[in-house]
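S.K.: Following this message is one structure expressed as structure tokens.
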Amino acid sequence: MSKMKGKHVPSPLSREALLDRIIRVDHAGEYGAVRIYEGQLAVFGDNHPMSSTIKHMKEQEDVHLERFNKLIRDYNARPTLITPLWHMAGFALGAGTALLGTKAAMACTEAVEEVIDKHYAEQIDSLDEKDRTLAETLEKFRQEEVEHKQIAIDNGAQETPGHGLLYGAIKLGVKAVIKVAERI
Ligand SMILES: [Fe+2]
Ligand SMILES: [Fe+2]
């Protein structure tokens with residue numbers, strides 16, 4: 001019993017388990033990103049001043065998702081079991097923030113991409129030379145996520161009323177779903 005107490009030290013993952021986890025969570029994340037932008041576009045429609053910018057970001061997310069669909073097959077990784085949740089929660093987050101206004105929609109993108117940028121960076125650090133091709137893919141995508149975050153900031157994300165609260169809540173939520181997708 002006393003062995004269970006004290007600091008929990010996670011055992012290092014095997015390379016296979018690490019890759020399986022990376023690909024599963026990134027696949028889920030890119031799926032969620034597409035759904036967030038779809039939710040925002042559903043609210044804004046085609047004629048909103050931000051719609052073409054959001055479409056541009058969504059098209060990059062489509063490419064990211066396509067790549068992870070392929071990587072899931074190539075690496076024989078297990079997709080997350082909670083895709084239906086992603087499907088709804090991503091869309092709801094996008095649509096919900098868009099309903100609060102343009103700046104809130106941008107704050108959503110800012111928060112999500114901030115977490116994803118850090119997340120990709122950590123994954124890249126955890127990979128070794130054997131997985132260089134995967135690391136290069138993650139780095140390319142990470143740079144596009146940083147671009148999305150900058151677009152959001154340039155379009156008023158940080159001027160959202162209650163920015164700190166909204167930004168913090170979304171970041172917490174995204175971190176939580178990452179933890180879930182890594183495991184199930
Ligand atoms: Fe992405
Ligand atoms: Fe993105």
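Ligands are numbered from 1 in the order shown, chains are lettered A, B, ... in the order of the structure tokens, and residues start at 1 in each chain.
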Taking only C-alpha atoms and all ligand atoms into account, produce a table as a Markdown table in which each residue of chain A with an atom at most 7 Å from an atom of ligand 1 appears once, together with its shortest atom pair and the distance in Å to one decimal, ordered by chain and rising number.
M.R.:
```
| residue | atom | partner | partner_atom_place_in_ligand_line | distance |
| --- | --- | --- | --- | --- |
| A:Glu30 | CA | ligand 1 | 1 (Fe) | 4.9 |
| A:Ala33 | CA | ligand 1 | 1 (Fe) | 6.2 |
| A:Gln60 | CA | ligand 1 | 1 (Fe) | 6.7 |
| A:Glu61 | CA | ligand 1 | 1 (Fe) | 4.4 |
| A:His64 | CA | ligand 1 | 1 (Fe) | 5.3 |
| A:Phe141 | CA | ligand 1 | 1 (Fe) | 6.1 |
| A:Glu145 | CA | ligand 1 | 1 (Fe) | 5.9 |
```
S.K.: For ligand 2, collect every residue having any atom at a distance of at most 10 Å from a ligand atom (counting only C-alpha atoms and all ligand atoms); output as number ranges by chain.
M.R.: A: 29-30, 32-34, 36-37, 57-62, 64, 109-110, 112-114, 116-117, 141-149
S.K.: Using only C-alpha atoms, which residue out of A:Pro84, A:Gly96, A:Gly168, A:Pro161 lies closest to Leu41 in chain A?
M.R.: A:Gly96
S.K.: Measure the distance from CA of Gln40 in chain A to CA of Ala105 in chain A in Å and round it to one decimal.
M.R.: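 Result for CA of Gln40 in chain A versus CA of Ala105 in chain A: 7.1 Å, one decimal.
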S.K.: With the cut-off set at 10 Å and counting only C-alpha atoms, tabulate each residue of range 37-100 of chain A with an atom at most that distance from an atom of range 11-20 of chain A, showing the nearest atom pair and its distance in Å to one decimal, ordered by chain and increasing number, as JSON lines.
M.R.:
```
{"residue": "A:Leu71", "atom": "CA", "partner": "A:Asp20", "partner_atom": "CA", "distance": 9.9}
{"residue": "A:Ile72", "atom": "CA", "partner": "A:Asp20", "partner_atom": "CA", "distance": 8.3}
{"residue": "A:Tyr75", "atom": "CA", "partner": "A:Asp20", "partner_atom": "CA", "distance": 7.4}
{"residue": "A:Asn76", "atom": "CA", "partner": "A:Asp20", "partner_atom": "CA", "distance": 7.9}
{"residue": "A:Ala77", "atom": "CA", "partner": "A:Asp20", "partner_atom": "CA", "distance": 5.0}
{"residue": "A:Arg78", "atom": "CA", "partner": "A:Asp20", "partner_atom": "CA", "distance": 6.8}
{"residue": "A:Pro79", "atom": "CA", "partner": "A:Asp20", "partner_atom": "CA", "distance": 8.8}
```
S.K.: Residues as selected, C-alpha atoms, written as a PDB file, in the first residue's frame, can you do that?
M.R.:
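Written file, again.pdb:
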```
ATOM      1  CA  LEU A  71      -0.032   8.519 -40.769  1.00  0.00           C
ATOM      2  CA  ILE A  72      -2.611   6.576 -38.730  1.00  0.00           C
ATOM      3  CA  TYR A  75       2.058   3.630 -38.429  1.00  0.00           C
ATOM      4  CA  ASN A  76      -0.877   1.353 -37.730  1.00  0.00           C
ATOM      5  CA  ALA A  77      -1.829   3.692 -34.880  1.00  0.00           C
ATOM      6  CA  ARG A  78      -5.107   3.464 -33.059  1.00  0.00           C
ATOM      7  CA  PRO A  79      -7.427   6.438 -33.584  1.00  0.00           C
TER       8      PRO A  79
END
```
S.K.: Can you pull out every residue within 6 Å of range 177-183 of chain A, counting only C-alpha atoms, but drop anything in the same chain fewer than 5 positions away, and send it as a VMD selection string?
M.R.: chain A and resid 21 25 80
S.K.: Generate a file of the selected residues that holds N, CA and C atoms, formatted as a PDB file, in the first residue's frame.
M.R.:
```
ATOM      1  N   ARG A  21       0.882   7.233 -29.569  1.00  0.00           N
ATOM      2  CA  ARG A  21       0.257   8.302 -28.799  1.00  0.00           C
ATOM      3  C   ARG A  21       0.313   9.642 -29.551  1.00  0.00           C
ATOM      4  N   VAL A  25      -3.136  11.539 -30.844  1.00  0.00           N
ATOM      5  CA  VAL A  25      -3.567  12.821 -30.285  1.00  0.00           C
ATOM      6  C   VAL A  25      -3.525  13.919 -31.353  1.00  0.00           C
ATOM      7  N   THR A  80      -8.359   7.781 -31.796  1.00  0.00           N
ATOM      8  CA  THR A  80      -9.039   7.957 -30.511  1.00  0.00           C
ATOM      9  C   THR A  80     -10.457   7.400 -30.576  1.00  0.00           C
TER      10      THR A  80
END
```
S.K.: Please return, as a VMD selection string, all residues of range 47-128 of chain A that DSSP assigns to alpha helix (DSSP H) on the basis of the backbone.
M.R.: chain A and resid 51 to 74 83 to 100 102 to 126
S.K.: Those same residues - C-alpha atoms - I'd like them written as a tab-separated table (two decimals), in the first residue's frame.
M.R.:
```tsv
chain	number	residue	atom	x	y	z
A	51	SER	CA	-14.77	34.28	-43.50
A	52	SER	CA	-12.07	34.11	-46.16
A	53	THR	CA	-9.34	34.23	-43.50
A	54	ILE	CA	-11.04	31.48	-41.50
A	55	LYS	CA	-11.43	29.44	-44.68
A	56	HIS	CA	-7.72	29.80	-45.36
A	57	MET	CA	-6.93	28.44	-41.88
A	58	LYS	CA	-9.47	25.65	-42.26
A	59	GLU	CA	-7.93	24.60	-45.57
A	60	GLN	CA	-4.54	24.25	-43.86
A	61	GLU	CA	-6.21	22.18	-41.11
A	62	ASP	CA	-7.77	19.97	-43.79
A	63	VAL	CA	-4.26	19.26	-45.10
A	64	HIS	CA	-3.02	18.52	-41.55
A	65	LEU	CA	-5.93	16.14	-40.95
A	66	GLU	CA	-5.43	14.40	-44.30
A	67	ARG	CA	-1.78	13.81	-43.41
A	68	PHE	CA	-2.67	12.31	-40.03
A	69	ASN	CA	-5.32	10.12	-41.65
A	70	LYS	CA	-2.45	8.73	-43.71
A	71	LEU	CA	-0.03	8.52	-40.77
A	72	ILE	CA	-2.61	6.58	-38.73
A	73	ARG	CA	-2.57	3.96	-41.49
A	74	ASP	CA	1.20	4.05	-42.11
A	83	THR	CA	-14.08	11.09	-32.28
A	84	PRO	CA	-17.85	11.66	-31.95
A	85	LEU	CA	-17.14	13.88	-28.95
A	86	TRP	CA	-14.55	15.81	-30.95
A	87	HIS	CA	-17.02	16.17	-33.77
A	88	MET	CA	-19.51	17.91	-31.49
A	89	ALA	CA	-17.24	19.69	-29.05
A	90	GLY	CA	-15.02	21.20	-31.75
A	91	PHE	CA	-17.99	22.49	-33.69
A	92	ALA	CA	-19.66	23.81	-30.52
A	93	LEU	CA	-16.50	25.64	-29.47
A	94	GLY	CA	-16.18	27.24	-32.90
A	95	ALA	CA	-19.84	28.15	-33.23
A	96	GLY	CA	-20.12	29.26	-29.60
A	97	THR	CA	-17.20	31.65	-29.78
A	98	ALA	CA	-18.34	32.98	-33.18
A	99	LEU	CA	-21.75	33.73	-31.66
A	100	LEU	CA	-19.96	35.87	-29.06
A	102	THR	CA	-15.47	38.12	-34.23
A	103	LYS	CA	-12.96	38.88	-31.50
A	104	ALA	CA	-14.10	35.98	-29.34
A	105	ALA	CA	-13.76	33.69	-32.35
A	106	MET	CA	-10.21	34.98	-32.76
A	107	ALA	CA	-9.52	34.49	-29.04
A	108	CYS	CA	-10.60	30.88	-29.49
A	109	THR	CA	-8.09	30.41	-32.31
A	110	GLU	CA	-5.40	32.20	-30.31
A	111	ALA	CA	-5.93	29.91	-27.29
A	112	VAL	CA	-6.19	26.68	-29.27
A	113	GLU	CA	-3.14	27.40	-31.40
A	114	GLU	CA	-1.09	28.46	-28.39
A	115	VAL	CA	-1.65	25.05	-26.82
A	116	ILE	CA	-1.08	23.19	-30.10
A	117	ASP	CA	2.14	25.11	-30.82
A	118	LYS	CA	3.59	24.07	-27.44
A	119	HIS	CA	2.26	20.57	-27.84
A	120	TYR	CA	3.87	20.05	-31.24
A	121	ALA	CA	7.13	21.54	-29.95
A	122	GLU	CA	7.19	19.04	-27.05
A	123	GLN	CA	6.49	16.16	-29.41
A	124	ILE	CA	9.26	17.24	-31.79
A	125	ASP	CA	11.66	17.32	-28.82
A	126	SER	CA	10.62	13.81	-27.80
```
S.K.: I'd like the interatomic distance between CA of Ala176 in chain A and CA of Tyr31 in chain A, to a tenth of an Å.
M.R.: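 Those two atoms sit 15.8 Å apart.
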S.K.: Could you please determine the separation between CA of Asn47 in chain A and CA of His163 in chain A in Å, to one decimal place?
M.R.: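 Those two atoms sit 25.5 Å apart.
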